[in-house]
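Undergrad: Quick one: the structure is below, questions incoming.
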Amino acid sequence: MNKHIEKRQLGQSDLSLSAIGLGTWQFSKGTGLVGKFWGALDDELTEEIIKTSLDGGINWFDTAEVYGGGESEKILAKALDSIGVTPGDAKIATKWWPALRTAASISKTINIRKEALNQRPIDLYQIHQPFSFSSVEKQMLQMIKLVNEGHIKHIGVSNFSVEAMIESHRILTEHGLALASNQVKYSLLDRRIEESGMIERAKELGISIIAYSPLEQGLLTGKFHDNPALIQQAKGPRRYQRKFKEAGLNETKPLIKLLDTIGEKYNVSASQVALNWLIHYHGDTVFAIPGATKAHHAQDNVGALTFKLDTGELEEISRTSWKVLGK
């Protein structure tokens with residue numbers, strides 16, 4: 001593992017993580033409602049992706065119960081065991097799925113999560129969505145119970161609104177704990193969390209933001225701009241979305257052009273510049289979890305950790321991004 005890659009603290013926790021982690025939704029084996037978004041990857045390839053990430057200095061992996069109904073967790077744990085990596089060198093974040101459930105399910109299902117992960121420690125446990133049948137308070141009280149019983153180390157949420165994030169933080173603080181993170185959709189082509197004031201409040205409260213879809217499902221790599229026909233081969237519903245069609249690609253082209261130009265200076269790709277912007281524009285607040293379905297995607301993710309954009313570049317990218325978004 002590349003130990004020289006800078007690590008940063010997740011929220012107010014004692015977790016020291018690389019600014020980029022690996023998202024593992026794509027390890028769902030193509031099963032389940034949510035897992036069907038991706039095709040099935042074979043175990044050998046999955047292991048290669050994880051090893052490439054670790055070798056490059058990435059030290060944490062984000063998975064979830066709903067990714068193939070535990071398949072992603074199992075595959076991740078199996079690969080880490082096979083590589084022989086210690087829990088200290090590979091931190092795991094997973095999530096409880098709240099649909100049609102009450103907060104009581106958080107405690108009832110924790111042993112299933114632990115089994116799926118082959119008893120590897122759960123460093124960060126997150127509420128995946130804000131739509132359980134129970135209040136935020138009841139969910140947080142269950143999460144506190146899991147920390148107190150030693151099942152999980154730290155608490156996070158995902159897709160929570162600014163208000164729900166603040167409430168979660170308040171309840172945990174009253175019990176001597178802290179909300180480590182809120183995992184939300186965020187990229188140069190989706191900056192709603194800046195407009196809602198979420199980034200600002202997260203900074204104030206010492207909560208980290210974990211950005212999923214940081215490359216906007218591959219759009220920020222520029223590959224679809226270079227070769228629009230590629231979208232027809234893409235798995236899942238992407239090919240029906242406007243942003244992947246000709247008009248959408250033309251609108252975002254100025255941003256890709258700038259990412260390419262800046263990338264040339266550092267000898268990196270457009271996607272690496274986009275990821276580097278995410279993890280530095282707001283100081284240390286934002287972590288990113290790009291996925292990878294090929295080993296070279298993992299290599300790309302790792303490469304985004306090897307340089308740092310300067311203030312002028314960060315601002316120029318931000319301005320161009322807002323312009324492309326019509327703001």
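As shown in the structure tokens, the chain order sets the letters A, B, ...; within each chain, residues go from 1, and ligands are also counted from 1 in the order they appear.
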Among segment 72-309 of chain A, which ones does DSSP place in strand (DSSP E), written as an MDAnalysis selection string?

TA: chainID A and resid 91:96 122:127 152:158 179:185 208:212 286:288

Undergrad: Would you save the residues from that selection as a PDB file, in the first residue's frame, using C-alpha atoms?

TA:
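Written file, result27.pdb:
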```pdb
ATOM      1  CA  LYS A  91     -11.539   0.560   6.534  1.00  0.00           C
ATOM      2  CA  ILE A  92     -15.143  -0.341   5.718  1.00  0.00           C
ATOM      3  CA  ALA A  93     -18.195   1.899   5.496  1.00  0.00           C
ATOM      4  CA  THR A  94     -21.544   0.203   4.954  1.00  0.00           C
ATOM      5  CA  LYS A  95     -25.207   1.201   5.192  1.00  0.00           C
ATOM      6  CA  TRP A  96     -28.529   0.078   6.633  1.00  0.00           C
ATOM      7  CA  ILE A 122     -17.662  -1.720  10.507  1.00  0.00           C
ATOM      8  CA  ASP A 123     -15.740   1.550  10.774  1.00  0.00           C
ATOM      9  CA  LEU A 124     -18.646   3.681   9.574  1.00  0.00           C
ATOM     10  CA  TYR A 125     -22.313   2.650   9.615  1.00  0.00           C
ATOM     11  CA  GLN A 126     -24.713   4.857   7.704  1.00  0.00           C
ATOM     12  CA  ILE A 127     -28.480   5.249   7.357  1.00  0.00           C
ATOM     13  CA  ILE A 152     -19.856  -0.330  14.851  1.00  0.00           C
ATOM     14  CA  LYS A 153     -17.251   2.395  15.357  1.00  0.00           C
ATOM     15  CA  HIS A 154     -18.762   5.554  13.894  1.00  0.00           C
ATOM     16  CA  ILE A 155     -22.116   6.860  12.678  1.00  0.00           C
ATOM     17  CA  GLY A 156     -22.952   8.462   9.347  1.00  0.00           C
ATOM     18  CA  VAL A 157     -26.033   9.269   7.289  1.00  0.00           C
ATOM     19  CA  SER A 158     -26.664   9.344   3.566  1.00  0.00           C
ATOM     20  CA  LEU A 179     -22.092  12.525  13.272  1.00  0.00           C
ATOM     21  CA  ALA A 180     -19.067  11.632  11.154  1.00  0.00           C
ATOM     22  CA  SER A 181     -20.519  12.199   7.699  1.00  0.00           C
ATOM     23  CA  ASN A 182     -23.393  12.725   5.289  1.00  0.00           C
ATOM     24  CA  GLN A 183     -23.038  10.858   2.001  1.00  0.00           C
ATOM     25  CA  VAL A 184     -24.727  12.735  -0.838  1.00  0.00           C
ATOM     26  CA  LYS A 185     -24.675  13.121  -4.601  1.00  0.00           C
ATOM     27  CA  SER A 208     -17.576  15.382   6.468  1.00  0.00           C
ATOM     28  CA  ILE A 209     -19.378  15.159   3.141  1.00  0.00           C
ATOM     29  CA  ILE A 210     -18.883  11.926   1.187  1.00  0.00           C
ATOM     30  CA  ALA A 211     -19.617  12.588  -2.480  1.00  0.00           C
ATOM     31  CA  TYR A 212     -21.117   9.748  -4.503  1.00  0.00           C
ATOM     32  CA  VAL A 286     -15.328  16.561   1.016  1.00  0.00           C
ATOM     33  CA  PHE A 287     -14.340  12.923   0.422  1.00  0.00           C
ATOM     34  CA  ALA A 288     -15.214  11.246  -2.894  1.00  0.00           C
TER      35      ALA A 288
END
```

Undergrad: Segment 158-213 of chain A: which residues are helix (DSSP H, G or I) by DSSP, as a ChimeraX atom specification?

TA: /A:162-174,192-195,198-205

Undergrad: Write to file, as a PDB file, in the first residue's frame, the residues of the selection just made, with C-alpha atoms.

TA:
```pdb
ATOM      1  CA  VAL A 162     -29.607  19.834   5.862  1.00  0.00           C
ATOM      2  CA  GLU A 163     -32.264  19.786   8.609  1.00  0.00           C
ATOM      3  CA  ALA A 164     -32.101  15.998   9.169  1.00  0.00           C
ATOM      4  CA  MET A 165     -28.290  16.157   9.198  1.00  0.00           C
ATOM      5  CA  ILE A 166     -28.329  18.905  11.846  1.00  0.00           C
ATOM      6  CA  GLU A 167     -30.878  16.981  13.931  1.00  0.00           C
ATOM      7  CA  SER A 168     -28.794  13.781  13.726  1.00  0.00           C
ATOM      8  CA  HIS A 169     -25.744  15.763  14.826  1.00  0.00           C
ATOM      9  CA  ARG A 170     -27.643  17.320  17.752  1.00  0.00           C
ATOM     10  CA  ILE A 171     -28.932  13.974  19.065  1.00  0.00           C
ATOM     11  CA  LEU A 172     -25.537  12.274  18.802  1.00  0.00           C
ATOM     12  CA  THR A 173     -23.779  15.218  20.477  1.00  0.00           C
ATOM     13  CA  GLU A 174     -26.204  14.992  23.413  1.00  0.00           C
ATOM     14  CA  ARG A 192     -27.215  21.304  -5.170  1.00  0.00           C
ATOM     15  CA  ILE A 193     -25.585  20.733  -1.789  1.00  0.00           C
ATOM     16  CA  GLU A 194     -23.791  24.046  -2.167  1.00  0.00           C
ATOM     17  CA  GLU A 195     -27.028  25.851  -3.014  1.00  0.00           C
ATOM     18  CA  MET A 198     -25.327  21.812   3.286  1.00  0.00           C
ATOM     19  CA  ILE A 199     -21.588  22.250   2.703  1.00  0.00           C
ATOM     20  CA  GLU A 200     -21.562  25.370   4.836  1.00  0.00           C
ATOM     21  CA  ARG A 201     -23.387  23.712   7.764  1.00  0.00           C
ATOM     22  CA  ALA A 202     -21.255  20.570   7.500  1.00  0.00           C
ATOM     23  CA  LYS A 203     -18.108  22.699   7.782  1.00  0.00           C
ATOM     24  CA  GLU A 204     -19.514  24.563  10.800  1.00  0.00           C
ATOM     25  CA  LEU A 205     -20.453  21.333  12.600  1.00  0.00           C
TER      26      LEU A 205
END
```

Undergrad: Residues at most 12 Å from segment 224-230 of chain A, counting only C-alpha atoms, excluding those fewer than 3 positions away in the same chain, as a short mmCIF file (atom, residue, chain, number, x, y, z; two decimals) with C-alpha atoms, in the first residue's frame?

TA:
```cif
data_model
loop_
_atom_site.label_atom_id
_atom_site.label_comp_id
_atom_site.auth_asym_id
_atom_site.auth_seq_id
_atom_site.Cartn_x
_atom_site.Cartn_y
_atom_site.Cartn_z
CA GLU A 216 -21.58 12.06 -12.77
CA GLN A 217 -21.79 8.41 -13.90
CA GLY A 218 -18.78 8.77 -16.19
CA LEU A 219 -19.84 12.02 -17.84
CA LEU A 220 -16.90 13.95 -16.36
CA THR A 221 -14.37 11.53 -17.86
CA GLN A 233 -23.03 0.19 -24.81
CA ALA A 234 -23.46 1.53 -21.25
CA LYS A 235 -25.33 -0.58 -18.73
CA ARG A 238 -27.86 6.22 -18.38
CA ARG A 239 -28.37 6.02 -22.11
CA LYS A 243 -27.28 14.71 -20.23
CA PHE A 244 -25.85 11.77 -22.23
CA LYS A 245 -27.61 12.79 -25.45
CA GLU A 246 -26.10 15.16 -28.03
CA ALA A 247 -27.68 18.36 -26.70
CA GLY A 248 -26.65 17.57 -23.12
CA LEU A 249 -23.10 16.68 -24.15
CA ASN A 250 -22.76 19.98 -26.06
CA GLU A 251 -23.81 21.92 -22.96
CA THR A 252 -21.17 20.31 -20.74
CA LYS A 253 -18.38 20.36 -23.35
CA PRO A 254 -16.80 23.66 -22.17
CA LEU A 255 -16.21 22.16 -18.73
CA ILE A 256 -14.66 18.97 -20.15
CA LYS A 257 -12.43 21.11 -22.37
CA ASP A 260 -8.61 18.44 -20.27
CA ALA A 270 -10.12 15.13 -17.06
#
```

Undergrad: Excluding Leu17 of chain A and its own-chain neighbours fewer than 4 positions away, which residues fall within 8 Å of it when counting only C-alpha atoms? Please give them as a compact mmCIF listing (two decimals) with N, CA and C atoms, in the first residue's frame.

TA:
```txt
# COMPACT_ATOMS: atom_id res chain seq x y z
N LYS A 7 -3.66 11.40 4.32
CA LYS A 7 -4.94 10.98 4.90
C LYS A 7 -5.56 12.17 5.63
N ARG A 8 -6.87 12.14 5.80
CA ARG A 8 -7.53 13.20 6.56
C ARG A 8 -8.59 12.60 7.47
N GLN A 9 -8.94 13.34 8.48
CA GLN A 9 -9.89 12.86 9.48
C GLN A 9 -11.32 12.93 8.94
N LEU A 10 -12.08 11.87 9.15
CA LEU A 10 -13.50 11.87 8.75
C LEU A 10 -14.30 12.52 9.87
N GLY A 21 -12.18 7.27 -1.54
CA GLY A 21 -12.41 5.87 -1.19
C GLY A 21 -12.96 5.18 -2.43
N ILE A 58 -5.45 4.18 -1.48
CA ILE A 58 -6.84 4.27 -1.01
C ILE A 58 -6.99 3.28 0.15
N ASN A 59 -7.53 3.74 1.27
CA ASN A 59 -7.58 2.85 2.45
C ASN A 59 -8.99 2.62 2.98
N TRP A 60 -10.02 2.93 2.14
CA TRP A 60 -11.38 2.62 2.63
C TRP A 60 -12.33 2.34 1.47
```

Undergrad: Figure out the distance between atom CA of Thr46 of chain A and atom CA of Ile106 of chain A, please, to one decimal in Å.

TA: 28.3 Å

Undergrad: Calculated over only C-alpha atoms, which of the candidates A:Asn118, A:Ser213, A:Thr63, A:Asn111 has the smallest distance to Pro87 of chain A?

TA: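 Smallest distance to Pro87 of chain A is found for A:Asn118.
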
Undergrad: What's around Val268 of chain A at 9 Å? Count only C-alpha atoms, leave out sequence neighbours fewer than 5 positions away in its own chain, and write the answer as a list of chain:residue names.

TA: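 Here the answer would be A:Asp260, A:Ile262, A:Gly263, A:Val273, A:Asp300, A:Gly303, A:Ala304.
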
Undergrad: Atom CA of Ala116 of chain A and atom CA of Val85 of chain A are how many Å apart?

TA: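 Value for the atom CA of Ala116 of chain A-atom CA of Val85 of chain A distance: 17.0 Å.
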
Undergrad: Which residues come within 7 Å of Ala295 of chain A, counting only C-alpha atoms, excluding same-chain residues fewer than 6 positions away, as JSON, numbers by chain?

TA: {"A": [48, 49, 52]}

Undergrad: Any chance you could export the current selection's N, CA and C atoms as an mmCIF file, in the first residue's frame?

TA:
```cif
data_model
loop_
_atom_site.group_PDB
_atom_site.id
_atom_site.type_symbol
_atom_site.label_atom_id
_atom_site.label_comp_id
_atom_site.auth_asym_id
_atom_site.auth_seq_id
_atom_site.Cartn_x
_atom_site.Cartn_y
_atom_site.Cartn_z
ATOM 1 N N GLU A 48 -8.746 -7.493 -8.364
ATOM 2 C CA GLU A 48 -7.726 -6.644 -9.015
ATOM 3 C C GLU A 48 -8.035 -5.159 -8.785
ATOM 4 N N ILE A 49 -9.324 -4.798 -8.875
ATOM 5 C CA ILE A 49 -9.748 -3.405 -8.654
ATOM 6 C C ILE A 49 -9.431 -2.985 -7.217
ATOM 7 N N THR A 52 -5.558 -2.758 -6.702
ATOM 8 C CA THR A 52 -5.036 -1.544 -7.361
ATOM 9 C C THR A 52 -5.322 -0.314 -6.507
#
```
